[in-house]
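Below is my_file-v9.cif, holding mmCIF, C-alpha atoms (C1' of nucleotides).
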```cif
data_structure
loop_
_atom_site.label_atom_id
_atom_site.label_comp_id
_atom_site.auth_asym_id
_atom_site.auth_seq_id
_atom_site.Cartn_x
_atom_site.Cartn_y
_atom_site.Cartn_z
CA MET Z 1 0.00 0.00 0.00
CA ARG Z 2 1.59 3.24 -1.15
CA PRO Z 3 2.27 5.88 1.50
CA LEU Z 4 -0.08 8.87 1.78
CA PHE Z 5 0.93 11.90 -0.23
CA HIS Z 6 0.66 15.38 1.27
CA PRO Z 7 1.66 18.30 -0.96
CA SER Z 8 3.93 20.90 0.58
CA ILE Z 9 2.05 24.14 1.13
CA GLU Z 10 3.85 25.86 -1.76
CA ASP Z 11 2.51 23.24 -4.14
CA VAL Z 12 -1.10 23.72 -3.09
CA ARG Z 13 -3.23 24.91 -6.01
CA LEU Z 14 -6.34 27.06 -5.85
CA GLU Z 15 -7.94 24.95 -8.56
CA ALA Z 16 -7.49 21.80 -6.46
CA ILE Z 17 -8.95 23.41 -3.34
CA LEU Z 18 -12.03 24.68 -5.17
CA HIS Z 19 -12.53 21.35 -6.89
CA ALA Z 20 -12.18 19.46 -3.62
CA LEU Z 21 -14.73 21.67 -1.87
CA SER Z 22 -17.21 21.83 -4.76
CA ASP Z 23 -18.59 18.46 -3.66
CA PRO Z 24 -21.30 18.53 -0.97
CA VAL Z 25 -19.91 15.49 0.86
CA ARG Z 26 -16.35 16.75 0.87
CA VAL Z 27 -17.16 20.28 1.98
CA GLU Z 28 -19.18 18.84 4.84
CA ILE Z 29 -16.33 16.52 5.87
CA PHE Z 30 -13.81 19.33 5.65
CA ALA Z 31 -15.94 21.78 7.62
CA ASP Z 32 -16.36 19.17 10.35
CA ILE Z 33 -12.64 18.41 10.51
CA ALA Z 34 -11.77 22.11 10.50
CA GLY Z 35 -14.24 22.80 13.30
CA ALA Z 36 -13.33 19.78 15.41
CA GLN Z 37 -11.13 20.01 18.49
CA CYS Z 38 -9.49 16.62 17.93
CA ALA Z 39 -8.52 14.47 14.95
CA GLN Z 40 -11.35 12.70 13.14
CA THR Z 41 -11.35 9.20 11.67
CA CYS Z 42 -12.62 8.47 8.15
CA SER Z 43 -15.38 6.18 9.32
CA ALA Z 44 -16.79 8.98 11.48
CA PHE Z 45 -18.28 10.25 8.23
CA ALA Z 46 -19.96 7.05 7.08
CA ASN Z 47 -23.19 9.01 6.91
CA VAL Z 48 -23.04 12.67 5.95
CA ASN Z 49 -26.15 14.77 5.25
CA ASP Z 50 -28.38 11.80 6.12
CA ARG Z 51 -26.84 9.76 3.34
CA MET Z 52 -24.79 6.55 3.55
CA ILE Z 53 -21.40 6.89 1.90
CA PRO Z 54 -19.71 3.62 0.89
CA LYS Z 55 -16.25 3.36 2.37
CA SER Z 56 -14.54 3.17 -1.01
CA SER Z 57 -16.10 6.53 -1.85
CA LEU Z 58 -15.14 7.93 1.54
CA SER Z 59 -11.56 6.86 0.94
CA GLN Z 60 -11.55 8.67 -2.40
CA HIS Z 61 -13.03 11.80 -0.83
CA PHE Z 62 -10.31 11.87 1.82
CA LYS Z 63 -7.69 11.38 -0.85
CA VAL Z 64 -9.01 14.38 -2.80
CA LEU Z 65 -9.03 16.58 0.32
CA ARG Z 66 -5.54 15.38 1.27
CA GLU Z 67 -4.00 15.90 -2.17
CA ALA Z 68 -5.59 19.33 -2.42
CA GLY Z 69 -3.61 20.21 0.72
CA LEU Z 70 -6.68 20.75 2.89
CA ILE Z 71 -6.16 17.97 5.43
CA HIS Z 72 -3.38 15.96 6.99
CA SER Z 73 -3.96 12.23 7.47
CA GLU Z 74 -1.89 10.06 9.75
CA ARG Z 75 -2.28 6.40 10.51
CA GLN Z 76 -2.81 5.82 14.23
CA GLY Z 77 -2.98 2.09 14.82
CA VAL Z 78 -5.81 0.64 12.81
CA GLU Z 79 -7.50 3.94 12.07
CA MET Z 80 -6.68 7.24 10.40
CA HIS Z 81 -6.41 10.57 12.16
CA ASN Z 82 -7.39 13.53 10.02
CA THR Z 83 -6.68 17.13 10.91
CA SER Z 84 -7.16 20.29 8.88
CA ARG Z 85 -4.32 22.35 7.40
CA CYS Z 86 -6.29 25.59 7.67
CA GLU Z 87 -3.46 27.61 9.23
CA GLU Z 88 -1.02 26.66 6.47
CA VAL Z 89 -3.55 27.30 3.70
CA GLN Z 90 -4.38 30.63 5.34
CA THR Z 91 -0.76 31.76 4.89
CA ARG Z 92 -0.87 30.78 1.22
CA PHE Z 93 -4.38 32.02 0.33
CA PRO Z 94 -5.49 34.46 3.03
CA GLY Z 95 -9.18 34.40 3.84
CA LEU Z 96 -10.03 31.67 1.35
CA VAL Z 97 -10.81 28.75 3.61
CA ALA Z 98 -12.50 30.96 6.20
CA ALA Z 99 -14.83 32.43 3.58
CA ILE Z 100 -15.74 29.00 2.24
CA ILE Z 101 -16.42 27.61 5.72
CA ASN Z 102 -18.52 30.67 6.54
CA ALA Z 103 -20.49 30.30 3.34
CA HIS Z 104 -21.04 26.63 4.00
CA ALA Z 105 -22.23 27.34 7.54
CA ALA Z 106 -24.60 30.04 6.28
CA GLU Z 107 -26.08 27.67 3.75
CA ALA Z 108 -26.48 24.85 6.27
CA LYS Z 109 -28.21 27.25 8.66
CA ARG Z 110 -30.65 28.39 5.98
CA ALA Z 111 -31.42 24.83 4.92
CA LYS Z 112 -32.29 23.97 8.50
CA ALA Z 113 -34.55 27.02 8.86
CA SER Z 114 -36.66 26.09 5.82
CA MET N 1 -33.09 29.27 -28.82
CA ARG N 2 -34.06 29.18 -25.15
CA PRO N 3 -33.63 32.40 -23.17
CA LEU N 4 -30.69 32.75 -20.79
CA PHE N 5 -31.32 31.65 -17.23
CA HIS N 6 -30.00 33.70 -14.32
CA PRO N 7 -30.67 32.39 -10.81
CA SER N 8 -31.97 34.87 -8.28
CA ILE N 9 -29.34 35.59 -5.66
CA GLU N 10 -31.18 33.59 -2.99
CA ASP N 11 -30.94 30.51 -5.18
CA VAL N 12 -27.18 30.78 -5.65
CA ARG N 13 -25.40 27.73 -4.20
CA LEU N 14 -21.88 27.60 -2.76
CA GLU N 15 -21.33 24.25 -4.43
CA ALA N 16 -22.12 25.73 -7.85
CA ILE N 17 -19.79 28.69 -7.33
CA LEU N 18 -16.88 26.49 -6.25
CA HIS N 19 -17.47 24.09 -9.11
CA ALA N 20 -17.66 26.94 -11.63
CA LEU N 21 -14.40 28.45 -10.41
CA SER N 22 -12.52 25.16 -10.05
CA ASP N 23 -11.78 25.23 -13.77
CA PRO N 24 -8.67 27.19 -14.85
CA VAL N 25 -10.36 28.66 -17.92
CA ARG N 26 -13.49 29.74 -16.06
CA VAL N 27 -11.70 31.28 -13.11
CA GLU N 28 -9.57 33.29 -15.54
CA ILE N 29 -12.64 34.46 -17.46
CA PHE N 30 -14.45 35.37 -14.27
CA ALA N 31 -11.49 37.23 -12.79
CA ASP N 32 -11.20 39.24 -16.01
CA ILE N 33 -14.90 40.10 -16.07
CA ALA N 34 -14.88 41.00 -12.38
CA GLY N 35 -11.86 43.22 -12.86
CA ALA N 36 -13.05 44.89 -16.08
CA GLN N 37 -14.56 48.36 -16.18
CA CYS N 38 -17.00 47.53 -18.95
CA ALA N 39 -18.95 44.50 -20.14
CA GLN N 40 -16.97 41.79 -21.91
CA THR N 41 -18.04 39.70 -24.90
CA CYS N 42 -17.63 35.92 -25.01
CA SER N 43 -15.29 35.94 -27.97
CA ALA N 44 -12.94 38.24 -26.08
CA PHE N 45 -11.78 35.06 -24.36
CA ALA N 46 -11.14 32.95 -27.45
CA ASN N 47 -7.62 32.45 -26.15
CA VAL N 48 -7.10 32.28 -22.42
CA ASN N 49 -3.78 31.32 -20.83
CA ASP N 50 -2.15 31.06 -24.27
CA ARG N 51 -4.61 28.37 -25.29
CA MET N 52 -7.27 28.42 -28.02
CA ILE N 53 -10.73 27.65 -26.66
CA PRO N 54 -13.28 26.40 -29.21
CA LYS N 55 -16.38 28.53 -29.18
CA SER N 56 -18.68 25.67 -28.23
CA SER N 57 -16.57 25.17 -25.10
CA LEU N 58 -16.54 28.91 -24.41
CA SER N 59 -20.32 28.95 -24.64
CA GLN N 60 -20.53 26.12 -22.10
CA HIS N 61 -18.10 27.89 -19.77
CA PHE N 62 -20.21 31.06 -19.84
CA LYS N 63 -23.31 29.01 -19.18
CA VAL N 64 -21.72 27.44 -16.09
CA LEU N 65 -20.64 30.84 -14.75
CA ARG N 66 -24.08 32.30 -15.48
CA GLU N 67 -26.05 29.48 -13.88
CA ALA N 68 -23.79 29.55 -10.82
CA GLY N 69 -24.90 33.17 -10.37
CA LEU N 70 -21.45 34.64 -10.93
CA ILE N 71 -22.11 36.64 -14.09
CA HIS N 72 -24.95 38.36 -15.88
CA SER N 73 -25.17 37.96 -19.67
CA GLU N 74 -27.23 40.17 -21.90
CA ARG N 75 -27.58 40.09 -25.64
CA GLN N 76 -26.53 43.40 -27.15
CA GLY N 77 -27.09 43.21 -30.88
CA VAL N 78 -25.07 40.37 -32.31
CA GLU N 79 -22.86 39.94 -29.31
CA MET N 80 -23.21 39.17 -25.61
CA HIS N 81 -22.36 41.55 -22.82
CA ASN N 82 -21.13 39.86 -19.67
CA THR N 83 -20.82 41.58 -16.30
CA SER N 84 -20.01 40.16 -12.89
CA ARG N 85 -22.53 39.78 -10.06
CA CYS N 86 -19.84 40.23 -7.38
CA GLU N 87 -21.81 42.74 -5.30
CA GLU N 88 -24.85 40.49 -5.10
CA VAL N 89 -22.79 37.40 -4.30
CA GLN N 90 -20.93 39.41 -1.66
CA THR N 91 -24.19 40.01 0.20
CA ARG N 92 -25.00 36.31 0.12
CA PHE N 93 -21.51 34.90 0.86
CA PRO N 94 -19.39 37.71 2.34
CA GLY N 95 -15.73 37.61 1.40
CA LEU N 96 -16.02 34.52 -0.77
CA VAL N 97 -15.52 35.92 -4.23
CA ALA N 98 -12.93 38.43 -3.06
CA ALA N 99 -10.84 35.68 -1.45
CA ILE N 100 -10.99 33.53 -4.57
CA ILE N 101 -10.03 36.40 -6.85
CA ASN N 102 -7.18 37.31 -4.51
CA ALA N 103 -5.96 33.72 -4.46
CA HIS N 104 -6.16 33.53 -8.23
CA ALA N 105 -4.22 36.76 -8.62
CA ALA N 106 -1.57 35.54 -6.18
CA GLU N 107 -1.15 32.31 -8.11
CA ALA N 108 -0.96 34.10 -11.45
CA LYS N 109 1.68 36.45 -10.07
CA ARG N 110 3.78 33.54 -8.78
CA ALA N 111 3.50 31.68 -12.07
CA LYS N 112 4.82 34.73 -13.91
CA ALA N 113 7.73 35.14 -11.49
CA SER N 114 8.98 31.57 -12.04
"C1'" DC D 1 -1.91 -17.42 14.06
"C1'" DC D 2 -6.39 -16.07 13.07
"C1'" DC D 3 -10.11 -12.87 13.36
"C1'" DG D 4 -12.17 -8.22 13.30
"C1'" DT D 5 -11.81 -3.47 12.14
"C1'" DA D 6 -10.24 0.55 9.22
"C1'" DG D 7 -9.02 1.92 5.12
"C1'" DT D 8 -7.09 1.27 0.12
"C1'" DT D 9 -7.04 -0.37 -4.59
"C1'" DC D 10 -9.06 -2.10 -8.66
"C1'" DA D 11 -12.34 -2.44 -12.36
"C1'" DG D 12 -16.35 -1.52 -14.95
"C1'" DG D 13 -20.55 1.05 -15.36
"C1'" DA D 14 -22.56 5.88 -14.91
"C1'" DA D 15 -22.09 10.68 -15.38
"C1'" DA D 16 -19.79 14.93 -16.76
"C1'" DT D 17 -16.88 17.29 -20.11
"C1'" DC D 18 -14.89 18.53 -24.64
"C1'" DG D 19 -15.16 20.04 -29.26
"C1'" DG D 20 -16.47 19.77 -34.29
"C1'" DA D 21 -20.49 20.46 -37.15
"C1'" DA D 22 -24.80 22.28 -37.84
"C1'" DC D 23 -27.97 25.65 -36.33
"C1'" DT D 24 -30.09 30.40 -34.71
"C1'" DA D 25 -30.22 35.29 -34.15
"C1'" DT D 26 -28.94 39.82 -35.39
"C1'" DT D 27 -26.82 43.50 -38.28
"C1'" DG D 28 -25.45 45.68 -42.39
"C1'" DA D 29 -25.04 45.98 -47.23
"C1'" DA D 30 -26.75 45.18 -51.92
"C1'" DT L 1 -36.26 41.92 -49.25
"C1'" DT L 2 -32.51 39.03 -49.63
"C1'" DC L 3 -27.86 37.71 -48.80
"C1'" DA L 4 -23.61 37.39 -46.26
"C1'" DA L 5 -20.99 37.90 -42.11
"C1'" DT L 6 -20.53 37.69 -37.20
"C1'" DA L 7 -21.50 35.94 -32.42
"C1'" DG L 8 -23.23 32.37 -29.80
"C1'" DT L 9 -25.94 28.09 -29.02
"C1'" DT L 10 -27.19 23.31 -29.51
"C1'" DC L 11 -26.38 18.60 -30.67
"C1'" DC L 12 -23.98 14.48 -30.34
"C1'" DG L 13 -20.14 11.22 -30.31
"C1'" DA L 14 -15.54 10.58 -28.07
"C1'" DT L 15 -12.94 11.06 -24.04
"C1'" DT L 16 -12.40 11.74 -19.24
"C1'" DT L 17 -13.78 11.66 -14.65
"C1'" DC L 18 -16.52 9.87 -10.91
"C1'" DC L 19 -18.85 6.27 -8.20
"C1'" DT L 20 -18.97 2.00 -5.75
"C1'" DG L 21 -18.95 -3.19 -4.96
"C1'" DA L 22 -15.49 -6.62 -4.42
"C1'" DA L 23 -11.09 -7.93 -3.26
"C1'" DC L 24 -7.12 -6.59 -0.87
"C1'" DT L 25 -3.66 -4.64 2.81
"C1'" DA L 26 -2.45 -3.17 7.44
"C1'" DC L 27 -2.68 -3.24 12.18
"C1'" DG L 28 -4.17 -4.85 16.94
"C1'" DG L 29 -6.05 -8.22 20.21
"C1'" DG L 30 -7.02 -12.76 21.96
#
```

As structure tokens, the full file:
Amino acid sequence: MRPLFHPSIEDVRLEAILHALSDPVRVEIFADIAGAQCAQTCSAFANVNDRMIPKSSLSQHFKVLREAGLIHSERQGVEMHNTSRCEEVQTRFPGLVAAIINAHAAEAKRAKAS
Amino acid sequence: MRPLFHPSIEDVRLEAILHALSDPVRVEIFADIAGAQCAQTCSAFANVNDRMIPKSSLSQHFKVLREAGLIHSERQGVEMHNTSRCEEVQTRFPGLVAAIINAHAAEAKRAKAS
DNA sequence: CCCGTAGTTCAGGAAATCGGAACTATTGAA
DNA sequence: TTCAATAGTTCCGATTTCCTGAACTACGGG
């Protein structure tokens, strides 16, 4: 099994970040990881937005987030610990991730209200 | 030929905006329109990033930007006048478009420097 | 050593994207 | 009015990407 690839922050591309977060499942996962106090496992997201996500799809989603430079994944025993790279991305693209997370939160809030 | 559809600002979705701008051609077109003083035609972008874009693809790109709520397109005689909807989108998702345009400008600047 | 759990890889079917060719809409000139 | 030119749109087949079940790998515990 090939080791996990994490781009260095200089290699992070805007295009990859926007593509990664243009998927409703991935943006939800990322917002949760970014807002969490501690590292999150992959399987914690087996159902997102009241929808079952097969674990092969989940694995792909985490790969996309990881290779876009948005999260850091580290094997911890049998499971994976995922943390956000918000601070790093903030230095590269100031305000970007914060604005997206804000927008996502605003949309989620409105959906709940209706 | 069916009339052009523009979503009302309340119907604009984060997902659609991020998807629209996750394409290198579209983000370039949008940044240009947003930064321009006057309306831009479609064919003004026949070559973006030193690459020829076929007009059928250009038409699709404009449709994606339009239906995401990022631009307004209006027929003016034989050509199309495109303007950005930045102000409206700003009220719905504060800081989002500005951060993306900033990030895009930063990346373009770095690419030129190398 | 074997089992259970967590996640990855592979492969093929589904969906989105690209682009050439044909079409539509508008203007201006004959 | 008719014809030609210009600017975009639509259609459709080829390519690419995405999704997910099945098989696989990796680690920990008994």

Query - atom CA of N:Pro94 to atom CA of Z:Ser84, straight-line distance in Å - result: 22.3 Å

Let me have the centre and edge lengths of the axis-aligned box enclosing all listed atoms of stretch 6-17 of chain D with 6 Å padding on every side, in Å to one decimal, as JSON.
```
{"center_x": -14.8, "center_y": 7.4, "center_z": -5.4, "size_x": 27.5, "size_y": 31.7, "size_z": 41.3}
```

Report summary line: Taken to one decimal, the atom CA of Z:Glu79-atom CA of Z:Ser43 distance is 8.6 Å

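Across the structure, atom CA of Z:Leu14 and atom CA of Z:Thr83 are spaced 19.5 Å apart.
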
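Applied to this file, the PyMOL selection byres ((chain Z) within 8 of (chain D)) selects Met1, Ser43, Lys55, Ser56, Ser59, Val78, Glu79 and Met80 of chain Z.
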
Query raised in the report: Taking all atoms listed in the file into account, what are the residues of chain L at most 10 Å from chain Z, put as JSON, numbers by chain?
Result: {"L": [18, 19, 20, 21, 24, 25, 26, 27, 28]}

Next, dump the selected residues to file, keeping only C-alpha atoms (C1' of nucleotides), as a PDB file, in the frame of the given file.
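For reference, result_28.pdb as written:
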```pdb
ATOM      1  C1'  DC L  18     -16.520   9.870 -10.910  1.00  0.00           C
ATOM      2  C1'  DC L  19     -18.850   6.270  -8.200  1.00  0.00           C
ATOM      3  C1'  DT L  20     -18.970   2.000  -5.750  1.00  0.00           C
ATOM      4  C1'  DG L  21     -18.950  -3.190  -4.960  1.00  0.00           C
ATOM      5  C1'  DC L  24      -7.120  -6.590  -0.870  1.00  0.00           C
ATOM      6  C1'  DT L  25      -3.660  -4.640   2.810  1.00  0.00           C
ATOM      7  C1'  DA L  26      -2.450  -3.170   7.440  1.00  0.00           C
ATOM      8  C1'  DC L  27      -2.680  -3.240  12.180  1.00  0.00           C
ATOM      9  C1'  DG L  28      -4.170  -4.850  16.940  1.00  0.00           C
TER      10       DG L  28
END
```

Coordinates of chain Z after Cα superposition on chain N, as a PDB file with C-alpha atoms, in the frame of the given file:
```pdb
ATOM      1  CA  MET Z   1     -33.125  29.362 -28.810  1.00  0.00           C
ATOM      2  CA  ARG Z   2     -34.109  29.255 -25.154  1.00  0.00           C
ATOM      3  CA  PRO Z   3     -33.671  32.451 -23.141  1.00  0.00           C
ATOM      4  CA  LEU Z   4     -30.686  32.763 -20.789  1.00  0.00           C
ATOM      5  CA  PHE Z   5     -31.320  31.663 -17.235  1.00  0.00           C
ATOM      6  CA  HIS Z   6     -29.989  33.708 -14.323  1.00  0.00           C
ATOM      7  CA  PRO Z   7     -30.679  32.375 -10.824  1.00  0.00           C
ATOM      8  CA  SER Z   8     -31.972  34.866  -8.293  1.00  0.00           C
ATOM      9  CA  ILE Z   9     -29.330  35.591  -5.680  1.00  0.00           C
ATOM     10  CA  GLU Z  10     -31.180  33.578  -3.020  1.00  0.00           C
ATOM     11  CA  ASP Z  11     -30.934  30.493  -5.199  1.00  0.00           C
ATOM     12  CA  VAL Z  12     -27.181  30.765  -5.656  1.00  0.00           C
ATOM     13  CA  ARG Z  13     -25.401  27.725  -4.219  1.00  0.00           C
ATOM     14  CA  LEU Z  14     -21.904  27.586  -2.779  1.00  0.00           C
ATOM     15  CA  GLU Z  15     -21.352  24.226  -4.441  1.00  0.00           C
ATOM     16  CA  ALA Z  16     -22.125  25.721  -7.862  1.00  0.00           C
ATOM     17  CA  ILE Z  17     -19.792  28.678  -7.338  1.00  0.00           C
ATOM     18  CA  LEU Z  18     -16.888  26.476  -6.258  1.00  0.00           C
ATOM     19  CA  HIS Z  19     -17.488  24.075  -9.117  1.00  0.00           C
ATOM     20  CA  ALA Z  20     -17.663  26.908 -11.633  1.00  0.00           C
ATOM     21  CA  LEU Z  21     -14.399  28.425 -10.411  1.00  0.00           C
ATOM     22  CA  SER Z  22     -12.516  25.134 -10.028  1.00  0.00           C
ATOM     23  CA  ASP Z  23     -11.771  25.215 -13.757  1.00  0.00           C
ATOM     24  CA  PRO Z  24      -8.676  27.177 -14.830  1.00  0.00           C
ATOM     25  CA  VAL Z  25     -10.371  28.650 -17.908  1.00  0.00           C
ATOM     26  CA  ARG Z  26     -13.484  29.716 -16.053  1.00  0.00           C
ATOM     27  CA  VAL Z  27     -11.696  31.275 -13.100  1.00  0.00           C
ATOM     28  CA  GLU Z  28      -9.576  33.264 -15.526  1.00  0.00           C
ATOM     29  CA  ILE Z  29     -12.647  34.446 -17.459  1.00  0.00           C
ATOM     30  CA  PHE Z  30     -14.451  35.356 -14.263  1.00  0.00           C
ATOM     31  CA  ALA Z  31     -11.493  37.226 -12.787  1.00  0.00           C
ATOM     32  CA  ASP Z  32     -11.196  39.228 -16.003  1.00  0.00           C
ATOM     33  CA  ILE Z  33     -14.898  40.081 -16.081  1.00  0.00           C
ATOM     34  CA  ALA Z  34     -14.881  40.988 -12.390  1.00  0.00           C
ATOM     35  CA  GLY Z  35     -11.852  43.231 -12.853  1.00  0.00           C
ATOM     36  CA  ALA Z  36     -13.034  44.865 -16.067  1.00  0.00           C
ATOM     37  CA  GLN Z  37     -14.525  48.350 -16.176  1.00  0.00           C
ATOM     38  CA  CYS Z  38     -16.974  47.532 -18.973  1.00  0.00           C
ATOM     39  CA  ALA Z  39     -18.937  44.492 -20.136  1.00  0.00           C
ATOM     40  CA  GLN Z  40     -16.967  41.777 -21.915  1.00  0.00           C
ATOM     41  CA  THR Z  41     -18.038  39.695 -24.903  1.00  0.00           C
ATOM     42  CA  CYS Z  42     -17.631  35.905 -24.995  1.00  0.00           C
ATOM     43  CA  SER Z  43     -15.306  35.948 -27.966  1.00  0.00           C
ATOM     44  CA  ALA Z  44     -12.922  38.231 -26.069  1.00  0.00           C
ATOM     45  CA  PHE Z  45     -11.796  35.037 -24.359  1.00  0.00           C
ATOM     46  CA  ALA Z  46     -11.134  32.936 -27.446  1.00  0.00           C
ATOM     47  CA  ASN Z  47      -7.626  32.418 -26.131  1.00  0.00           C
ATOM     48  CA  VAL Z  48      -7.103  32.246 -22.385  1.00  0.00           C
ATOM     49  CA  ASN Z  49      -3.773  31.277 -20.788  1.00  0.00           C
ATOM     50  CA  ASP Z  50      -2.166  31.023 -24.238  1.00  0.00           C
ATOM     51  CA  ARG Z  51      -4.612  28.325 -25.239  1.00  0.00           C
ATOM     52  CA  MET Z  52      -7.272  28.370 -27.973  1.00  0.00           C
ATOM     53  CA  ILE Z  53     -10.735  27.634 -26.632  1.00  0.00           C
ATOM     54  CA  PRO Z  54     -13.286  26.421 -29.199  1.00  0.00           C
ATOM     55  CA  LYS Z  55     -16.385  28.572 -29.162  1.00  0.00           C
ATOM     56  CA  SER Z  56     -18.678  25.699 -28.224  1.00  0.00           C
ATOM     57  CA  SER Z  57     -16.566  25.194 -25.107  1.00  0.00           C
ATOM     58  CA  LEU Z  58     -16.547  28.919 -24.401  1.00  0.00           C
ATOM     59  CA  SER Z  59     -20.324  28.955 -24.620  1.00  0.00           C
ATOM     60  CA  GLN Z  60     -20.524  26.122 -22.097  1.00  0.00           C
ATOM     61  CA  HIS Z  61     -18.105  27.890 -19.758  1.00  0.00           C
ATOM     62  CA  PHE Z  62     -20.208  31.052 -19.821  1.00  0.00           C
ATOM     63  CA  LYS Z  63     -23.311  29.006 -19.171  1.00  0.00           C
ATOM     64  CA  VAL Z  64     -21.713  27.427 -16.089  1.00  0.00           C
ATOM     65  CA  LEU Z  65     -20.621  30.826 -14.737  1.00  0.00           C
ATOM     66  CA  ARG Z  66     -24.061  32.295 -15.465  1.00  0.00           C
ATOM     67  CA  GLU Z  67     -26.039  29.465 -13.867  1.00  0.00           C
ATOM     68  CA  ALA Z  68     -23.776  29.530 -10.829  1.00  0.00           C
ATOM     69  CA  GLY Z  69     -24.896  33.148 -10.372  1.00  0.00           C
ATOM     70  CA  LEU Z  70     -21.443  34.623 -10.939  1.00  0.00           C
ATOM     71  CA  ILE Z  71     -22.118  36.626 -14.099  1.00  0.00           C
ATOM     72  CA  HIS Z  72     -24.954  38.358 -15.875  1.00  0.00           C
ATOM     73  CA  SER Z  73     -25.170  37.960 -19.653  1.00  0.00           C
ATOM     74  CA  GLU Z  74     -27.234  40.186 -21.884  1.00  0.00           C
ATOM     75  CA  ARG Z  75     -27.565  40.112 -25.627  1.00  0.00           C
ATOM     76  CA  GLN Z  76     -26.516  43.428 -27.163  1.00  0.00           C
ATOM     77  CA  GLY Z  77     -27.104  43.229 -30.892  1.00  0.00           C
ATOM     78  CA  VAL Z  78     -25.096  40.384 -32.317  1.00  0.00           C
ATOM     79  CA  GLU Z  79     -22.856  39.934 -29.305  1.00  0.00           C
ATOM     80  CA  MET Z  80     -23.185  39.167 -25.610  1.00  0.00           C
ATOM     81  CA  HIS Z  81     -22.358  41.554 -22.803  1.00  0.00           C
ATOM     82  CA  ASN Z  82     -21.129  39.863 -19.652  1.00  0.00           C
ATOM     83  CA  THR Z  83     -20.818  41.573 -16.299  1.00  0.00           C
ATOM     84  CA  SER Z  84     -20.002  40.140 -12.891  1.00  0.00           C
ATOM     85  CA  ARG Z  85     -22.512  39.775 -10.051  1.00  0.00           C
ATOM     86  CA  CYS Z  86     -19.835  40.212  -7.389  1.00  0.00           C
ATOM     87  CA  GLU Z  87     -21.793  42.738  -5.312  1.00  0.00           C
ATOM     88  CA  GLU Z  88     -24.845  40.476  -5.112  1.00  0.00           C
ATOM     89  CA  VAL Z  89     -22.782  37.380  -4.309  1.00  0.00           C
ATOM     90  CA  GLN Z  90     -20.925  39.402  -1.676  1.00  0.00           C
ATOM     91  CA  THR Z  91     -24.208  40.017   0.175  1.00  0.00           C
ATOM     92  CA  ARG Z  92     -24.995  36.300   0.094  1.00  0.00           C
ATOM     93  CA  PHE Z  93     -21.516  34.892   0.842  1.00  0.00           C
ATOM     94  CA  PRO Z  94     -19.403  37.688   2.322  1.00  0.00           C
ATOM     95  CA  GLY Z  95     -15.742  37.609   1.392  1.00  0.00           C
ATOM     96  CA  LEU Z  96     -16.009  34.509  -0.775  1.00  0.00           C
ATOM     97  CA  VAL Z  97     -15.524  35.921  -4.241  1.00  0.00           C
ATOM     98  CA  ALA Z  98     -12.929  38.436  -3.061  1.00  0.00           C
ATOM     99  CA  ALA Z  99     -10.840  35.691  -1.465  1.00  0.00           C
ATOM    100  CA  ILE Z 100     -11.002  33.539  -4.585  1.00  0.00           C
ATOM    101  CA  ILE Z 101     -10.039  36.435  -6.863  1.00  0.00           C
ATOM    102  CA  ASN Z 102      -7.179  37.332  -4.527  1.00  0.00           C
ATOM    103  CA  ALA Z 103      -5.961  33.758  -4.481  1.00  0.00           C
ATOM    104  CA  HIS Z 104      -6.159  33.551  -8.239  1.00  0.00           C
ATOM    105  CA  ALA Z 105      -4.215  36.795  -8.624  1.00  0.00           C
ATOM    106  CA  ALA Z 106      -1.557  35.576  -6.185  1.00  0.00           C
ATOM    107  CA  GLU Z 107      -1.147  32.365  -8.116  1.00  0.00           C
ATOM    108  CA  ALA Z 108      -0.955  34.131 -11.479  1.00  0.00           C
ATOM    109  CA  LYS Z 109       1.685  36.483 -10.077  1.00  0.00           C
ATOM    110  CA  ARG Z 110       3.793  33.591  -8.802  1.00  0.00           C
ATOM    111  CA  ALA Z 111       3.518  31.713 -12.086  1.00  0.00           C
ATOM    112  CA  LYS Z 112       4.803  34.764 -13.918  1.00  0.00           C
ATOM    113  CA  ALA Z 113       7.730  35.184 -11.511  1.00  0.00           C
ATOM    114  CA  SER Z 114       8.982  31.622 -12.064  1.00  0.00           C
TER     115      SER Z 114
END
```

Query - Expected answer as a list in words: chain N residues within 8 Å of chain Z, only C-alpha atoms - result: Arg13, Leu14, Glu15, Ala16, Ile17, Leu18, His19, Leu21, Ser22, Asp23, Pro24, Phe93, Pro94, Gly95, Leu96, Ala99, Ile100, Asn102, Ala103, His104, Ala106 and Glu107 of chain N

**Report entry** Option closest in space to L:DA7, from N:Ala39, N:Ala105, N:Leu58, N:Ala111 [counting only C-alpha atoms (C1' of nucleotides)]
**Finding:**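 Ranking N:Ala39, N:Ala105, N:Leu58, N:Ala111 by distance to L:DA7, first place goes to N:Leu58.
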
Query - Selection under test: the PyMOL selection byres ((chain Z and resi 66) around 12); residues as a count of residues only - result: 34
